[in-house]
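> Sending over query18.tsv (TSV, C-alpha atoms and all ligand atoms).
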chain	number	residue	atom	x	y	z
A	1	MET	CA	-136.51	-71.58	-165.90
A	2	ILE	CA	-136.62	-75.29	-165.16
A	3	ARG	CA	-140.04	-76.79	-165.65
A	4	ILE	CA	-140.81	-80.23	-164.30
A	5	ASP	CA	-143.92	-81.35	-166.11
A	6	SER	CA	-145.88	-84.27	-164.73
A	7	VAL	CA	-142.78	-86.36	-164.12
A	8	THR	CA	-142.91	-89.89	-162.73
A	9	LYS	CA	-139.95	-92.08	-161.82
A	10	ARG	CA	-140.54	-95.79	-161.45
A	11	TYR	CA	-137.39	-97.75	-160.59
A	12	PRO	CA	-136.94	-101.20	-162.18
A	13	ASP	CA	-138.09	-102.91	-158.97
A	14	GLY	CA	-141.42	-101.10	-159.24
A	15	THR	CA	-140.78	-98.42	-156.58
A	16	VAL	CA	-142.53	-95.22	-157.55
A	17	ALA	CA	-140.04	-92.64	-156.24
A	18	VAL	CA	-141.69	-89.62	-157.85
A	19	ASP	CA	-145.32	-89.48	-158.84
A	20	ARG	CA	-146.58	-87.04	-161.49
A	21	LEU	CA	-144.59	-84.14	-160.10
A	22	SER	CA	-145.01	-80.72	-161.66
A	23	LEU	CA	-142.93	-77.74	-160.53
A	24	GLU	CA	-141.83	-74.48	-162.04
A	25	ILE	CA	-138.39	-73.56	-160.76
A	26	PRO	CA	-137.80	-69.85	-161.32
A	27	ASP	CA	-134.42	-68.44	-162.36
A	28	ARG	CA	-132.07	-66.72	-159.95
A	29	SER	CA	-133.75	-67.89	-156.77
A	30	ILE	CA	-133.48	-70.79	-154.33
A	31	THR	CA	-136.11	-73.48	-154.71
A	32	VAL	CA	-136.01	-75.99	-151.86
A	33	LEU	CA	-137.30	-79.56	-152.07
A	34	VAL	CA	-138.06	-80.74	-148.55
A	35	GLY	CA	-139.71	-83.85	-147.15
A	36	PRO	CA	-139.08	-86.98	-145.10
A	37	SER	CA	-136.43	-89.50	-146.04
A	38	GLY	CA	-137.36	-91.56	-149.10
A	39	CYS	CA	-139.92	-89.11	-150.47
A	40	GLY	CA	-138.08	-88.74	-153.79
A	41	LYS	CA	-135.99	-85.58	-153.31
A	42	THR	CA	-132.71	-87.01	-154.60
A	43	THR	CA	-134.47	-88.75	-157.48
A	44	THR	CA	-136.10	-85.46	-158.50
A	45	LEU	CA	-132.80	-83.57	-158.34
A	46	ARG	CA	-131.02	-86.24	-160.37
A	47	MET	CA	-133.69	-86.18	-163.03
A	48	ILE	CA	-132.93	-82.49	-163.57
A	49	ASN	CA	-129.37	-83.25	-164.72
A	50	ARG	CA	-130.34	-86.66	-166.12
A	51	MET	CA	-128.31	-88.77	-163.73
A	52	VAL	CA	-131.71	-90.47	-163.50
A	53	GLU	CA	-134.05	-90.56	-166.48
A	54	PRO	CA	-137.77	-89.93	-165.88
A	55	SER	CA	-140.14	-92.82	-166.66
A	56	GLU	CA	-142.85	-90.40	-167.73
A	57	GLY	CA	-143.24	-86.68	-168.21
A	58	THR	CA	-140.75	-84.05	-169.36
A	59	ILE	CA	-138.27	-81.63	-167.88
A	60	LEU	CA	-137.85	-78.40	-169.79
A	61	ILE	CA	-134.83	-76.15	-169.39
A	62	ASP	CA	-135.64	-72.68	-170.71
A	63	GLY	CA	-138.40	-74.23	-172.74
A	64	VAL	CA	-136.27	-77.01	-174.28
A	65	ASP	CA	-136.80	-80.69	-173.43
A	66	SER	CA	-133.70	-81.73	-171.45
A	67	ARG	CA	-133.50	-84.94	-173.53
A	68	GLN	CA	-132.74	-82.87	-176.60
A	69	GLN	CA	-129.46	-81.63	-175.11
A	70	PRO	CA	-126.29	-83.72	-175.06
A	71	VAL	CA	-126.04	-84.92	-171.47
A	72	ASN	CA	-122.54	-83.46	-171.04
A	73	THR	CA	-123.64	-79.99	-172.11
A	74	LEU	CA	-126.58	-80.24	-169.74
A	75	ARG	CA	-124.43	-81.27	-166.78
A	76	ARG	CA	-121.87	-78.56	-167.42
A	77	SER	CA	-124.61	-76.01	-167.01
A	78	MET	CA	-125.47	-77.45	-163.60
A	79	GLY	CA	-123.07	-77.53	-160.65
A	80	TYR	CA	-123.77	-80.42	-158.31
A	81	VAL	CA	-123.08	-80.45	-154.57
A	82	ILE	CA	-123.65	-83.45	-152.30
A	83	GLN	CA	-123.43	-84.30	-148.63
A	84	ASN	CA	-119.86	-84.82	-147.42
A	85	ALA	CA	-118.78	-82.83	-150.48
A	86	GLY	CA	-117.69	-85.91	-152.50
A	87	LEU	CA	-114.20	-84.52	-153.06
A	88	PHE	CA	-111.39	-86.35	-154.84
A	89	GLN	CA	-109.28	-87.50	-151.90
A	90	HIS	CA	-106.02	-87.74	-153.86
A	91	ARG	CA	-106.24	-84.19	-155.24
A	92	THR	CA	-105.39	-80.96	-153.46
A	93	ILE	CA	-108.12	-78.49	-152.59
A	94	LEU	CA	-107.06	-76.23	-155.44
A	95	ASP	CA	-107.11	-79.07	-157.96
A	96	ASN	CA	-110.46	-80.31	-156.68
A	97	ILE	CA	-111.98	-76.89	-157.33
A	98	ALA	CA	-110.22	-76.62	-160.72
A	99	THR	CA	-111.62	-79.99	-161.88
A	100	VAL	CA	-114.34	-78.76	-164.22
A	101	PRO	CA	-112.37	-75.86	-165.74
A	102	ARG	CA	-109.56	-78.36	-166.46
A	103	MET	CA	-112.06	-80.72	-168.07
A	104	LEU	CA	-113.26	-77.82	-170.19
A	105	GLY	CA	-109.68	-77.31	-171.39
A	106	TRP	CA	-109.01	-74.02	-169.61
A	107	GLY	CA	-105.30	-74.68	-169.02
A	108	LYS	CA	-103.61	-75.20	-165.69
A	109	GLU	CA	-102.82	-71.62	-164.70
A	110	LYS	CA	-106.17	-70.15	-165.65
A	111	SER	CA	-108.00	-73.00	-163.88
A	112	ARG	CA	-105.97	-72.55	-160.71
A	113	ALA	CA	-106.45	-68.78	-160.75
A	114	ARG	CA	-110.18	-69.38	-160.99
A	115	ALA	CA	-109.99	-71.91	-158.16
A	116	ARG	CA	-108.20	-69.37	-155.94
A	117	GLU	CA	-110.84	-66.78	-156.69
A	118	LEU	CA	-113.53	-69.27	-155.68
A	119	MET	CA	-111.80	-70.23	-152.45
A	120	GLU	CA	-112.06	-66.63	-151.43
A	121	ARG	CA	-115.67	-66.41	-152.56
A	122	VAL	CA	-116.75	-69.33	-150.34
A	123	GLY	CA	-114.75	-68.10	-147.36
A	124	LEU	CA	-111.78	-70.48	-147.51
A	125	ASP	CA	-108.34	-69.26	-146.54
A	126	GLY	CA	-105.85	-69.40	-149.43
A	127	THR	CA	-103.37	-71.26	-147.23
A	128	LEU	CA	-105.57	-74.36	-147.54
A	129	ALA	CA	-105.01	-74.59	-151.32
A	130	LYS	CA	-102.26	-77.20	-151.17
A	131	ARG	CA	-103.91	-79.41	-148.59
A	132	TYR	CA	-105.81	-82.63	-149.25
A	133	PRO	CA	-109.48	-83.06	-148.31
A	134	TYR	CA	-108.74	-85.23	-145.25
A	135	GLN	CA	-106.76	-82.30	-143.81
A	136	LEU	CA	-109.88	-80.10	-143.72
A	137	SER	CA	-112.84	-79.96	-141.32
A	138	GLY	CA	-116.26	-81.14	-142.52
A	139	GLY	CA	-117.45	-77.55	-142.90
A	140	GLN	CA	-114.37	-76.57	-144.91
A	141	GLN	CA	-114.78	-79.60	-147.17
A	142	GLN	CA	-118.36	-78.59	-147.78
A	143	ARG	CA	-117.19	-75.13	-148.85
A	144	VAL	CA	-114.76	-76.77	-151.27
A	145	GLY	CA	-117.70	-78.75	-152.67
A	146	VAL	CA	-119.62	-75.51	-153.29
A	147	ALA	CA	-116.54	-73.83	-154.84
A	148	ARG	CA	-116.00	-76.81	-157.14
A	149	ALA	CA	-119.63	-76.70	-158.29
A	150	LEU	CA	-119.32	-72.98	-159.04
A	151	ALA	CA	-115.96	-73.24	-160.82
A	152	ALA	CA	-117.21	-73.13	-164.40
A	153	ASP	CA	-119.86	-70.55	-163.46
A	154	PRO	CA	-122.89	-72.71	-164.33
A	155	PRO	CA	-126.25	-70.92	-164.24
A	156	VAL	CA	-127.79	-73.74	-162.18
A	157	LEU	CA	-126.69	-75.26	-158.88
A	158	LEU	CA	-128.16	-78.57	-157.69
A	159	MET	CA	-127.52	-79.20	-154.00
A	160	ASP	CA	-128.45	-82.49	-152.29
A	161	GLU	CA	-128.46	-82.15	-148.50
A	162	PRO	CA	-125.10	-80.37	-148.73
A	163	PHE	CA	-125.04	-79.25	-145.09
A	164	SER	CA	-126.70	-82.23	-143.40
A	165	ALA	CA	-123.52	-83.86	-142.10
A	166	VAL	CA	-122.05	-80.90	-140.20
A	167	ASP	CA	-122.86	-79.68	-136.69
A	168	PRO	CA	-125.49	-76.96	-136.17
A	169	VAL	CA	-123.08	-74.06	-135.68
A	170	VAL	CA	-121.02	-74.85	-138.81
A	171	ARG	CA	-124.25	-75.47	-140.63
A	172	LYS	CA	-125.62	-72.06	-139.82
A	173	GLY	CA	-122.37	-70.55	-141.12
A	174	LEU	CA	-122.65	-72.48	-144.38
A	175	GLN	CA	-126.28	-71.46	-144.81
A	176	ASP	CA	-125.45	-67.78	-144.25
A	177	GLU	CA	-122.57	-68.09	-146.68
A	178	LEU	CA	-124.82	-69.62	-149.33
A	179	LEU	CA	-127.32	-66.78	-148.97
A	180	ARG	CA	-124.49	-64.26	-149.28
A	181	ILE	CA	-123.05	-65.97	-152.36
A	182	GLN	CA	-126.50	-66.17	-153.89
A	183	ASP	CA	-126.98	-62.43	-153.34
A	184	GLU	CA	-123.81	-61.84	-155.33
A	185	LEU	CA	-124.18	-64.48	-158.05
A	186	GLY	CA	-127.93	-64.94	-158.53
A	187	LYS	CA	-127.79	-68.64	-159.51
A	188	THR	CA	-130.81	-70.83	-160.08
A	189	ILE	CA	-130.48	-73.12	-157.09
A	190	VAL	CA	-132.42	-76.32	-156.41
A	191	PHE	CA	-131.66	-77.27	-152.82
A	192	VAL	CA	-132.70	-80.58	-151.24
A	193	THR	CA	-133.03	-80.99	-147.48
A	194	HIS	CA	-135.06	-82.99	-144.96
A	195	ASP	CA	-134.81	-80.10	-142.48
A	196	ILE	CA	-137.80	-77.79	-142.56
A	197	ASP	CA	-135.92	-75.01	-140.70
A	198	GLU	CA	-133.23	-75.05	-143.36
A	199	ALA	CA	-135.93	-75.00	-146.04
A	200	VAL	CA	-137.67	-72.00	-144.50
A	201	LYS	CA	-134.39	-70.15	-144.02
A	202	LEU	CA	-132.96	-70.69	-147.50
A	203	GLY	CA	-135.93	-71.09	-149.79
A	204	THR	CA	-137.43	-68.38	-151.94
A	205	THR	CA	-139.99	-71.07	-152.67
A	206	VAL	CA	-140.35	-74.41	-150.92
A	207	ALA	CA	-141.76	-77.64	-152.37
A	208	VAL	CA	-142.91	-80.00	-149.62
A	209	LEU	CA	-142.94	-83.60	-150.82
A	210	ARG	CA	-144.62	-86.52	-149.12
A	211	THR	CA	-143.67	-90.18	-149.25
A	212	GLY	CA	-144.37	-91.63	-152.67
A	213	GLY	CA	-142.94	-88.57	-154.39
A	214	LYS	CA	-146.12	-86.52	-154.35
A	215	LEU	CA	-146.12	-82.75	-154.07
A	216	ALA	CA	-147.90	-81.64	-150.90
A	217	GLN	CA	-147.40	-77.87	-151.22
A	218	PHE	CA	-145.34	-75.42	-153.26
A	219	ALA	CA	-145.20	-71.97	-151.73
A	220	PRO	CA	-142.92	-69.27	-150.31
A	221	PRO	CA	-141.93	-70.05	-146.71
A	222	ALA	CA	-144.10	-67.33	-145.13
A	223	GLU	CA	-147.12	-68.77	-146.87
A	224	LEU	CA	-146.26	-72.34	-145.85
A	225	LEU	CA	-146.11	-71.22	-142.24
A	226	SER	CA	-149.34	-69.26	-142.37
A	227	ARG	CA	-151.35	-71.53	-144.62
A	228	PRO	CA	-150.18	-75.16	-144.64
A	229	ALA	CA	-152.12	-76.98	-147.34
A	230	ASP	CA	-153.06	-79.98	-145.19
A	231	ASP	CA	-152.37	-81.92	-141.98
A	232	PHE	CA	-149.22	-83.52	-143.42
A	233	VAL	CA	-147.63	-80.15	-144.16
A	234	GLU	CA	-148.77	-78.75	-140.83
A	235	ASP	CA	-147.24	-81.72	-138.97
A	236	PHE	CA	-144.06	-81.46	-140.96
A	237	LEU	CA	-143.72	-77.76	-140.13
A	238	GLY	CA	-143.71	-78.60	-136.43
A	239	ALA	CA	-145.39	-77.33	-133.32
A	240	ASP	CA	-143.90	-73.84	-133.24
A	241	ARG	CA	-144.80	-72.66	-136.71
A	242	GLY	CA	-146.70	-69.71	-135.20
A	243	ILE	CA	-143.54	-68.40	-133.57
A	244	ARG	CA	-141.41	-69.14	-136.63
A	245	ARG	CA	-143.81	-67.29	-138.86
A	246	LEU	CA	-143.05	-64.13	-136.87
A	247	SER	CA	-139.62	-64.14	-138.56
A	248	PHE	CA	-141.38	-62.86	-141.67
A	249	PHE	CA	-142.97	-59.85	-139.99
A	250	PRO	CA	-140.68	-56.81	-139.65
A	251	ALA	CA	-140.31	-55.14	-136.27
A	252	ALA	CA	-139.96	-51.81	-138.06
A	253	GLY	CA	-143.60	-50.84	-137.50
A	254	LEU	CA	-143.47	-51.20	-133.70
A	255	GLU	CA	-144.22	-48.01	-131.83
A	256	LEU	CA	-141.23	-47.35	-129.59
A	257	LEU	CA	-141.37	-45.25	-126.43
A	258	THR	CA	-138.45	-42.88	-125.89
A	259	THR	CA	-139.61	-41.02	-122.76
A	260	PRO	CA	-138.66	-43.90	-120.40
A	261	VAL	CA	-135.07	-43.87	-121.70
A	262	VAL	CA	-132.65	-41.84	-119.58
A	263	ALA	CA	-128.89	-41.35	-119.81
A	264	VAL	CA	-126.71	-42.22	-116.86
A	265	ASP	CA	-125.86	-38.52	-116.46
A	266	ALA	CA	-129.49	-37.33	-116.70
A	267	THR	CA	-130.64	-34.30	-114.72
A	268	ALA	CA	-133.18	-34.62	-111.88
A	269	GLU	CA	-135.68	-32.88	-114.14
A	270	ARG	CA	-135.20	-35.40	-116.96
A	271	ILE	CA	-135.55	-38.32	-114.52
A	272	ALA	CA	-138.76	-36.84	-113.15
A	273	GLU	CA	-140.13	-36.43	-116.65
A	274	ALA	CA	-139.23	-40.02	-117.54
A	275	GLY	CA	-140.75	-41.29	-114.28
A	276	ALA	CA	-143.99	-39.53	-115.13
A	277	ALA	CA	-144.31	-41.67	-118.26
A	278	ASP	CA	-146.64	-44.42	-117.23
A	279	THR	CA	-144.08	-47.27	-117.36
A	280	PRO	CA	-142.91	-49.42	-114.44
A	281	TYR	CA	-139.23	-49.28	-115.43
A	282	LEU	CA	-136.83	-46.84	-117.05
A	283	LEU	CA	-134.01	-47.84	-119.37
A	284	VAL	CA	-130.68	-46.30	-118.41
A	285	THR	CA	-128.09	-45.74	-121.15
A	286	ASP	CA	-124.48	-44.60	-121.05
A	287	ALA	CA	-123.66	-41.06	-122.14
A	288	ASP	CA	-123.38	-42.33	-125.71
A	289	GLY	CA	-126.90	-43.79	-125.73
A	290	ARG	CA	-125.98	-47.48	-125.34
A	291	PRO	CA	-128.23	-49.45	-123.00
A	292	LEU	CA	-126.91	-50.24	-119.50
A	293	GLY	CA	-129.95	-51.67	-117.71
A	294	TRP	CA	-133.40	-51.15	-116.21
A	295	SER	CA	-134.37	-49.40	-113.01
A	296	GLU	CA	-137.55	-48.45	-111.22
A	297	PRO	CA	-137.92	-44.67	-111.46
A	298	ARG	CA	-137.79	-44.14	-107.68
A	299	ASP	CA	-134.38	-45.82	-107.47
A	300	LEU	CA	-132.74	-43.25	-109.76
A	301	THR	CA	-131.09	-40.18	-108.26
A	302	ALA	CA	-129.47	-37.63	-110.57
A	303	GLY	CA	-125.69	-37.76	-110.33
A	304	ALA	CA	-125.73	-41.05	-108.43
A	305	ILE	CA	-126.73	-43.68	-110.99
A	306	THR	CA	-124.41	-46.66	-111.06
A	307	ALA	CA	-124.62	-49.45	-113.63
A	308	ASP	CA	-124.20	-52.24	-111.07
A	309	ARG	CA	-127.55	-51.42	-109.42
A	310	LEU	CA	-129.48	-51.90	-112.67
A	311	LEU	CA	-131.44	-54.93	-113.87
A	312	PRO	CA	-129.88	-56.51	-116.99
A	313	TYR	CA	-131.54	-55.42	-120.23
A	314	GLY	CA	-131.06	-58.75	-122.01
A	315	ARG	CA	-130.49	-58.85	-125.73
A	316	PRO	CA	-131.78	-55.85	-127.69
A	317	PHE	CA	-133.31	-56.05	-131.16
A	318	VAL	CA	-132.42	-53.88	-134.12
A	319	ALA	CA	-135.60	-51.99	-134.88
A	320	GLY	CA	-134.91	-51.33	-138.56
A	321	THR	CA	-133.92	-54.81	-139.69
A	322	ASP	CA	-135.05	-57.44	-137.15
A	323	SER	CA	-138.34	-59.29	-137.14
A	324	LEU	CA	-141.23	-59.36	-134.69
A	325	ARG	CA	-139.84	-62.73	-133.63
A	326	SER	CA	-136.63	-61.06	-132.43
A	327	ALA	CA	-138.57	-58.30	-130.69
A	328	LEU	CA	-140.77	-60.84	-128.92
A	329	ASP	CA	-137.76	-62.90	-127.94
A	330	CYS	CA	-136.13	-59.82	-126.40
A	331	ALA	CA	-139.26	-59.00	-124.43
A	332	VAL	CA	-139.65	-62.61	-123.23
A	333	LEU	CA	-136.02	-62.71	-122.06
A	334	SER	CA	-136.12	-59.26	-120.46
A	335	PRO	CA	-136.56	-59.25	-116.65
A	336	THR	CA	-138.99	-56.35	-117.04
A	337	GLY	CA	-141.00	-57.82	-119.91
A	338	TRP	CA	-139.98	-54.84	-122.04
A	339	ALA	CA	-137.78	-55.13	-125.11
A	340	VAL	CA	-134.98	-52.68	-125.89
A	341	ALA	CA	-134.68	-51.44	-129.48
A	342	VAL	CA	-131.33	-50.25	-130.80
A	343	ASP	CA	-130.05	-48.90	-134.10
A	344	ALA	CA	-127.32	-50.53	-136.17
A	345	SER	CA	-124.63	-48.92	-134.00
A	346	GLY	CA	-126.12	-50.29	-130.77
A	347	ARG	CA	-127.65	-47.05	-129.45
A	348	ALA	CA	-131.06	-47.35	-127.82
A	349	THR	CA	-133.86	-46.03	-129.99
A	350	GLY	CA	-136.66	-46.84	-127.56
A	351	VAL	CA	-138.43	-49.50	-125.55
A	352	VAL	CA	-141.55	-51.53	-126.22
A	353	SER	CA	-143.74	-53.73	-124.02
A	354	GLN	CA	-144.81	-57.33	-124.62
A	355	GLN	CA	-148.35	-56.07	-124.89
A	356	VAL	CA	-147.56	-53.71	-127.75
A	357	ILE	CA	-145.61	-56.47	-129.54
A	358	ALA	CA	-148.58	-58.80	-129.10
A	359	GLU	CA	-150.87	-56.19	-130.67
A	360	ALA	CA	-148.47	-55.84	-133.61
A	361	ILE	CA	-148.51	-59.62	-134.06
A	362	ARG	CA	-152.31	-59.65	-134.09
A	363	GLY	CA	-152.25	-56.84	-136.65
A	364	ALA	CA	-149.83	-58.75	-138.89
A	365	HIS	CA	-152.00	-61.88	-138.69
A	366	ALA	CA	-155.09	-59.90	-139.55
A	367	ARG	CA	-153.34	-58.51	-142.64
A	368	ILE	CA	-152.31	-62.01	-143.71
A	369	GLY	CA	-155.90	-63.19	-143.22
A	370	ALA	CA	-157.13	-60.35	-145.42
A	371	ASP	CA	-154.51	-61.16	-148.07
A	372	ALA	CA	-155.55	-64.81	-147.98
A	373	ALA	CA	-159.17	-63.91	-148.51
A	374	ARG	CA	-158.22	-61.68	-151.43
A	375	ASP	CA	-155.89	-64.30	-152.94
A	376	ALA	CA	-158.45	-67.05	-152.62
A	377	ASP	CA	-160.13	-66.12	-155.89
A	378	THR	CA	-157.06	-64.75	-157.67
A	379	GLU	CA	-153.57	-66.10	-158.31
A	380	PRO	CA	-151.59	-67.90	-155.62
A	381	ASP	CA	-148.85	-65.99	-153.82
A	382	ASP	CA	-146.11	-64.83	-156.19
A	383	GLY	CA	-143.27	-65.51	-153.79
A	384	LYS	CA	-142.60	-61.90	-152.95
A	385	ALA	CA	-142.93	-62.45	-149.20
A	386	ARG	CA	-139.89	-60.75	-147.75
A	387	LYS	CA	-137.68	-62.49	-145.28
A	388	VAL	CA	-136.48	-60.41	-142.35
A	389	ALA	CA	-133.45	-61.17	-140.23
A	390	PRO	CA	-134.47	-64.04	-137.92
B	401	LIG	N1	-131.86	-97.04	-157.70
B	401	LIG	C1	-133.00	-97.28	-157.03
B	401	LIG	N2	-133.69	-98.44	-157.20
B	401	LIG	C2	-134.84	-98.67	-156.54
B	401	LIG	N3	-135.39	-97.80	-155.68
B	401	LIG	C3	-134.74	-96.66	-155.45
B	401	LIG	C4	-133.52	-96.33	-156.10
B	401	LIG	N4	-133.11	-95.09	-155.67
B	401	LIG	C5	-134.04	-94.69	-154.81
B	401	LIG	N5	-135.02	-95.61	-154.65
B	401	LIG	C6	-136.22	-95.49	-153.83
B	401	LIG	O1	-136.97	-94.40	-154.27
B	401	LIG	C7	-137.53	-93.70	-153.17
B	401	LIG	C8	-137.06	-92.26	-153.19
B	401	LIG	O2	-135.66	-92.24	-152.97
B	401	LIG	P1	-134.82	-90.89	-152.93
B	401	LIG	O3	-135.14	-90.09	-154.12
B	401	LIG	O4	-133.41	-91.24	-152.68
B	401	LIG	O5	-135.47	-90.18	-151.63
B	401	LIG	P2	-134.94	-88.99	-150.70
B	401	LIG	O6	-133.78	-88.35	-151.38
B	401	LIG	O7	-136.12	-88.10	-150.55
B	401	LIG	O8	-134.57	-89.60	-149.39
B	401	LIG	C9	-137.15	-94.47	-151.93
B	401	LIG	O9	-138.17	-95.35	-151.62
B	401	LIG	C10	-135.91	-95.23	-152.38
B	401	LIG	O10	-135.74	-96.41	-151.65
B	402	MG	MG	-131.81	-88.08	-150.70
Since I need it in another form, could you write the structure as structure tokens?
Ligand SMILES: Nc1ncnc2c1ncn2[C@@H]1O[C@H](COP(=O)(O)OP(=O)(O)O)[C@@H](O)[C@H]1O
Ligand SMILES: [Mg+2]


Amino acid sequence: MIRIDSVTKRYPDGTVAVDRLSLEIPDRSITVLVGPSGCGKTTTLRMINRMVEPSEGTILIDGVDSRQQPVNTLRRSMGYVIQNAGLFQHRTILDNIATVPRMLGWGKEKSRARARELMERVGLDGTLAKRYPYQLSGGQQQRVGVARALAADPPVLLMDEPFSAVDPVVRKGLQDELLRIQDELGKTIVFVTHDIDEAVKLGTTVAVLRTGGKLAQFAPPAELLSRPADDFVEDFLGADRGIRRLSFFPAAGLELLTTPVVAVDATAERIAEAGAADTPYLLVTDADGRPLGWSEPRDLTAGAITADRLLPYGRPFVAGTDSLRSALDCAVLSPTGWAVAVDASGRATGVVSQQVIAEAIRGAHARIGADAARDADTEPDDGKARKVAP
């Protein structure tokens, strides 16, 4: 565990970049430092590997004052990734990634073998090994930066706005990749960003900093979204935090209706039964159970159902793994106001109305409220809030 204990950084010109910051950064999880530009994120990160020395306070790594370790040993235990990757332009991709192993005296072949292994791990095609950084896209370069930081298998990864310079689509890919790698490797990651959406997506715990290097709130993302500590945090989270918070509520508990779901080859009897269910529309599926579209019951005649006469069903949600946010989104985008639930293979498992989703949302909020009341006189949240697929 990394423990930042009442640390202040005053630069020689008098700027207080970080002001009595205390944070406990747990092992094997992603701790995000987020806040507006100039609030002291980079300074904090650099104090962890002593690229910047604190003016006051201590940083403990597994209980030992970081000043008691030789700075080289300390830095070798911490991979460092920056924006624009910071690659050596005159070295090939493979040699960039092999930099630290080479420095550690691993030998050329072993270092390169390790570099190849890491290229695969971060999703880089092996054919890029002999290229130079300028021959790669921004997103690819960023992957090289991550691979290089992981090369000597350090327990800690420090990442300073690593994905801020790439476009949103590439960025999403890099974020997903980081979460996947983290699932496999279980590093202790300290991740700096100014983007609250990135913080909420990646963080197990999120530290919101305000200008002047003061900690505004330190909490798991779900808790930030439901209980911002003050107006600054609430403002920083943005106007749609209510909707975003729904990403943390699973859709699994939604009660799905199956009666209004009919196959394209349904009998007249089955259609009549479905029509008797008190819903304005029926969902028609193909013979295999995959959704085709919506129809009013009276427009369906057994043996004569054609897909081109149906209303589009929009984008379904996966009932077992998606969140209430996905379910609500499906209902909002559906021409009937009903959302279609499917299983992992894309077969319809039922339909659910906006109204039922709204009731589930109210139920989830009520549970959070009750938890908050209970937590108020006990310990703060332990970070176990589970993220569901957004
Ligand atoms: N070497 C330095 N000398 C003086 N002031 C600095 C130095 N580095 C950063 N600062 C100041 O410290 C504050 C925090 O900077 P920084 O940690 O880079 O913020 P962030 O990464 O959150 O944008 C800013 O006001 C910045 O101008
Ligand atoms: Mg910075």

> For Pro312 in chain A, work out the shell of residues within 10 Å, counting all atoms listed in the file and skipping chain neighbours fewer than 3 positions away, then give it as a list in words.

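So the residues in contact are Leu283, Pro291, Leu292, Gly293, Trp294, Ser295, Ala307, Asp308, Arg309, Arg315, Ser334, Pro335 and Thr336 of chain A.
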
> Return as JSON, numbers by chain the residues of protein, DNA or RNA that approach ligand MG 402 (chain B) to within 8 Å, with all atoms listed in the file taken into account.

{"A": [37, 38, 40, 41, 42, 43, 160, 161, 192, 193]}

> Which is closer to ligand LIG 401 (chain B) than all the others in A:Arg75, A:Arg131, A:Arg244, A:Lys214, using only C-alpha atoms and all ligand atoms?

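Among the listed residues, the smallest separation from ligand LIG 401 (chain B) belongs to A:Lys214.
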
> A:Glu56, A:Asp240, A:Asp13, A:Asp167: which is nearest ligand LIG 401 (chain B), counting all atoms listed in the file?

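Selected residue with least distance to ligand LIG 401 (chain B): A:Asp13.
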
> Quick one: residues within 12 Å of ligand LIG 401 (chain B), with all atoms listed in the file, as a CSV table (one decimal) with C-alpha atoms, in the frame of the given file?


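out_14.csv written:
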chain,number,residue,atom,x,y,z
A,8,THR,CA,-142.9,-89.9,-162.7
A,9,LYS,CA,-140.0,-92.1,-161.8
A,10,ARG,CA,-140.5,-95.8,-161.4
A,11,TYR,CA,-137.4,-97.8,-160.6
A,12,PRO,CA,-136.9,-101.2,-162.2
A,13,ASP,CA,-138.1,-102.9,-159.0
A,14,GLY,CA,-141.4,-101.1,-159.2
A,15,THR,CA,-140.8,-98.4,-156.6
A,16,VAL,CA,-142.5,-95.2,-157.6
A,17,ALA,CA,-140.0,-92.6,-156.2
A,18,VAL,CA,-141.7,-89.6,-157.8
A,19,ASP,CA,-145.3,-89.5,-158.8
A,33,LEU,CA,-137.3,-79.6,-152.1
A,34,VAL,CA,-138.1,-80.7,-148.6
A,35,GLY,CA,-139.7,-83.8,-147.2
A,36,PRO,CA,-139.1,-87.0,-145.1
A,37,SER,CA,-136.4,-89.5,-146.0
A,38,GLY,CA,-137.4,-91.6,-149.1
A,39,CYS,CA,-139.9,-89.1,-150.5
A,40,GLY,CA,-138.1,-88.7,-153.8
A,41,LYS,CA,-136.0,-85.6,-153.3
A,42,THR,CA,-132.7,-87.0,-154.6
A,43,THR,CA,-134.5,-88.8,-157.5
A,44,THR,CA,-136.1,-85.5,-158.5
A,45,LEU,CA,-132.8,-83.6,-158.3
A,46,ARG,CA,-131.0,-86.2,-160.4
A,47,MET,CA,-133.7,-86.2,-163.0
A,51,MET,CA,-128.3,-88.8,-163.7
A,52,VAL,CA,-131.7,-90.5,-163.5
A,53,GLU,CA,-134.0,-90.6,-166.5
A,82,ILE,CA,-123.6,-83.4,-152.3
A,83,GLN,CA,-123.4,-84.3,-148.6
A,159,MET,CA,-127.5,-79.2,-154.0
A,160,ASP,CA,-128.4,-82.5,-152.3
A,161,GLU,CA,-128.5,-82.2,-148.5
A,191,PHE,CA,-131.7,-77.3,-152.8
A,192,VAL,CA,-132.7,-80.6,-151.2
A,193,THR,CA,-133.0,-81.0,-147.5
A,194,HIS,CA,-135.1,-83.0,-145.0
A,195,ASP,CA,-134.8,-80.1,-142.5
A,208,VAL,CA,-142.9,-80.0,-149.6
A,209,LEU,CA,-142.9,-83.6,-150.8
A,210,ARG,CA,-144.6,-86.5,-149.1
A,211,THR,CA,-143.7,-90.2,-149.2
A,212,GLY,CA,-144.4,-91.6,-152.7
A,213,GLY,CA,-142.9,-88.6,-154.4
A,214,LYS,CA,-146.1,-86.5,-154.4
A,215,LEU,CA,-146.1,-82.8,-154.1

> So how many Å separate CA of Asp62 in chain A and CA of Pro162 in chain A, to one decimal?

25.6 Å
